[in-house]
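Down below is the structure, laid out as structure tokens.
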Amino acid sequence: MSNFHSHMSLALDEARAAAERGEVPVGAVLAGPDGVVLAQAGNRTREMADPTAHAEMLVIRQGCARLGSERLTGCSLYVTLEPCAMCAAAIAAARVARLYYGAADPKSGGVAHGARIFTRAQSHHSPEIYDGIGAQEAERLLKTFFADLRVGRPA
């Protein structure tokens, strides 16, 4: 399996683990320029009582700490859901080279929907963007999670 597919597969595993913790099932993986995984995480906003503990933010923080730099030059980010505006701004600030994401987020997305952070003049960096990667599985996880919430079943 190529790094490309294995990294999204790891992100989907992180999304599943997030759902098991009662978090919105979003997972992310950050790979270095050489393709080696630097960080992986799922959402932890409830667990950490932190609205910024999105999967993308967690892997950006971990990756920067691991590299000892505020820049993730040459790195690739794989995330199961289109990043929100907050995460997209962090991706730009960290200078992530490539963003691969699964499901589109028409309600809260910040890349192709909503704020469209990377198209703004104020965005100092725009990564290469590849969408729809693993979208069916990512969408299924999200739909199941929210359907279970609506009927009162534990996530």
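Simple scheme: letters A, B, ... for chains in structure tokens order, numbers from 1 for residues in each chain, numbers from 1 for ligands in the order shown.
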Q. Hey, what's within 9 Å of region 7-17 of chain A if we count only C-alpha atoms and toss same-chain stuff fewer than 3 positions away? As a VMD selection string, please?
A. chain A and resid 2 to 4 20 to 31 35 37 40 to 43 55 77 to 80 100 to 102 133 to 134 137 to 138 141
Q.
If we count only C-alpha atoms and set the cut-off at 10 Å, which residues sit around region 123-130 of chain A, ignoring sequence neighbours fewer than 2 positions away in its own chain? Please answer as a list in words.
A.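 Counting only C-alpha atoms, the residues come to Gly74, Cys75, Ser76, Leu77, Tyr78, Ala88, Ala89, Ile91, Ala92, Ala93, Ala94, Arg95, Val96, Ala97, Arg98, Leu99, Tyr100, Tyr101, Gly102, Val111, Ala112, Arg116, Ile117, Phe118, Thr119, Arg120, Ala121, Gly132 and Ile133 of chain A.
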DSSP-assigned strand (DSSP E or B) members of region 33-130 of chain A, reported as a JSON list (two decimals) with N, CA, C and O atoms, in the first residue's frame:
```
[["chain", "number", "residue", "atom", "x", "y", "z"],
["A", 37, "VAL", "N", 5.54, 9.12, 9.15],
["A", 37, "VAL", "CA", 4.53, 9.72, 10.01],
["A", 37, "VAL", "C", 5.20, 10.43, 11.18],
["A", 37, "VAL", "O", 5.97, 9.83, 11.93],
["A", 38, "LEU", "N", 4.88, 11.72, 11.31],
["A", 38, "LEU", "CA", 5.39, 12.52, 12.43],
["A", 38, "LEU", "C", 4.41, 12.56, 13.58],
["A", 38, "LEU", "O", 4.81, 12.66, 14.75],
["A", 39, "ALA", "N", 3.11, 12.53, 13.27],
["A", 39, "ALA", "CA", 2.07, 12.62, 14.30],
["A", 39, "ALA", "C", 0.77, 12.10, 13.75],
["A", 39, "ALA", "O", 0.52, 12.16, 12.54],
["A", 40, "GLN", "N", -0.07, 11.60, 14.64],
["A", 40, "GLN", "CA", -1.41, 11.18, 14.28],
["A", 40, "GLN", "C", -2.31, 11.37, 15.49],
["A", 40, "GLN", "O", -1.87, 11.21, 16.62],
["A", 41, "ALA", "N", -3.56, 11.78, 15.22],
["A", 41, "ALA", "CA", -4.49, 12.06, 16.32],
["A", 41, "ALA", "C", -5.91, 12.09, 15.79],
["A", 41, "ALA", "O", -6.14, 12.26, 14.60],
["A", 42, "GLY", "N", -6.83, 11.94, 16.72],
["A", 42, "GLY", "CA", -8.25, 12.14, 16.44],
["A", 42, "GLY", "C", -8.73, 13.29, 17.30],
["A", 42, "GLY", "O", -8.03, 13.74, 18.21],
["A", 76, "SER", "N", 3.07, 16.78, 4.68],
["A", 76, "SER", "CA", 1.73, 16.51, 4.15],
["A", 76, "SER", "C", 0.78, 16.21, 5.30],
["A", 76, "SER", "O", 1.14, 15.48, 6.23],
["A", 77, "LEU", "N", -0.41, 16.76, 5.22],
["A", 77, "LEU", "CA", -1.44, 16.54, 6.23],
["A", 77, "LEU", "C", -2.58, 15.76, 5.61],
["A", 77, "LEU", "O", -3.10, 16.17, 4.56],
["A", 78, "TYR", "N", -2.96, 14.67, 6.23],
["A", 78, "TYR", "CA", -4.07, 13.83, 5.80],
["A", 78, "TYR", "C", -5.15, 13.95, 6.87],
["A", 78, "TYR", "O", -4.90, 13.69, 8.04],
["A", 79, "VAL", "N", -6.34, 14.36, 6.48],
["A", 79, "VAL", "CA", -7.43, 14.53, 7.44],
["A", 79, "VAL", "C", -8.72, 13.99, 6.82],
["A", 79, "VAL", "O", -8.94, 14.12, 5.62],
["A", 80, "THR", "N", -9.55, 13.39, 7.65],
["A", 80, "THR", "CA", -10.74, 12.71, 7.14],
["A", 80, "THR", "C", -11.87, 13.66, 6.77],
["A", 80, "THR", "O", -12.78, 13.27, 6.05],
["A", 81, "LEU", "N", -11.84, 14.90, 7.25],
["A", 81, "LEU", "CA", -12.89, 15.87, 6.96],
["A", 81, "LEU", "C", -12.25, 17.19, 6.56],
["A", 81, "LEU", "O", -11.22, 17.59, 7.12],
["A", 84, "CYS", "N", -11.85, 22.98, 9.17],
["A", 84, "CYS", "CA", -12.61, 24.20, 9.44],
["A", 84, "CYS", "C", -11.70, 25.42, 9.24],
["A", 84, "CYS", "O", -10.49, 25.28, 8.99],
["A", 98, "ARG", "N", 1.17, 20.03, 1.57],
["A", 98, "ARG", "CA", 0.07, 19.35, 0.90],
["A", 98, "ARG", "C", -1.01, 18.97, 1.91],
["A", 98, "ARG", "O", -0.70, 18.46, 2.98],
["A", 99, "LEU", "N", -2.25, 19.20, 1.52],
["A", 99, "LEU", "CA", -3.40, 18.83, 2.33],
["A", 99, "LEU", "C", -4.24, 17.83, 1.56],
["A", 99, "LEU", "O", -4.67, 18.12, 0.44],
["A", 100, "TYR", "N", -4.44, 16.66, 2.15],
["A", 100, "TYR", "CA", -5.30, 15.63, 1.59],
["A", 100, "TYR", "C", -6.48, 15.48, 2.56],
["A", 100, "TYR", "O", -6.26, 15.28, 3.74],
["A", 101, "TYR", "N", -7.70, 15.61, 2.05],
["A", 101, "TYR", "CA", -8.83, 15.39, 2.96],
["A", 101, "TYR", "C", -9.91, 14.55, 2.32],
["A", 101, "TYR", "O", -9.99, 14.45, 1.10],
["A", 102, "GLY", "N", -10.72, 13.94, 3.17],
["A", 102, "GLY", "CA", -11.76, 13.03, 2.73],
["A", 102, "GLY", "C", -13.07, 13.73, 2.45],
["A", 102, "GLY", "O", -13.29, 14.28, 1.37],
["A", 103, "ALA", "N", -13.95, 13.74, 3.43],
["A", 103, "ALA", "CA", -15.30, 14.28, 3.26],
["A", 103, "ALA", "C", -15.29, 15.80, 3.18],
["A", 103, "ALA", "O", -14.55, 16.47, 3.90],
["A", 109, "GLY", "N", -16.79, 23.81, 6.77],
["A", 109, "GLY", "CA", -15.49, 23.75, 6.10],
["A", 109, "GLY", "C", -14.86, 25.11, 5.93],
["A", 109, "GLY", "O", -15.55, 26.13, 5.88],
["A", 128, "GLU", "N", -0.93, 22.63, -1.51],
["A", 128, "GLU", "CA", -1.56, 21.87, -2.58],
["A", 128, "GLU", "C", -2.72, 21.14, -1.91],
["A", 128, "GLU", "O", -2.56, 20.61, -0.81],
["A", 129, "ILE", "N", -3.88, 21.10, -2.56],
["A", 129, "ILE", "CA", -5.07, 20.50, -1.95],
["A", 129, "ILE", "C", -5.57, 19.35, -2.80],
["A", 129, "ILE", "O", -5.75, 19.50, -4.01],
["A", 130, "TYR", "N", -5.83, 18.22, -2.15],
["A", 130, "TYR", "CA", -6.37, 17.03, -2.79],
["A", 130, "TYR", "C", -7.56, 16.59, -1.95],
["A", 130, "TYR", "O", -7.39, 16.20, -0.79]]
```
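You will find CA of Leu58 (chain A) at 10.7 Å from CA of Ala90 (chain A).
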Q | Secondary structure check, alpha helix (DSSP H) residues of chain A, as an NGL selection string | A | :A and (3-20 or 45-48 or 55-67 or 85-94 or 135-150)
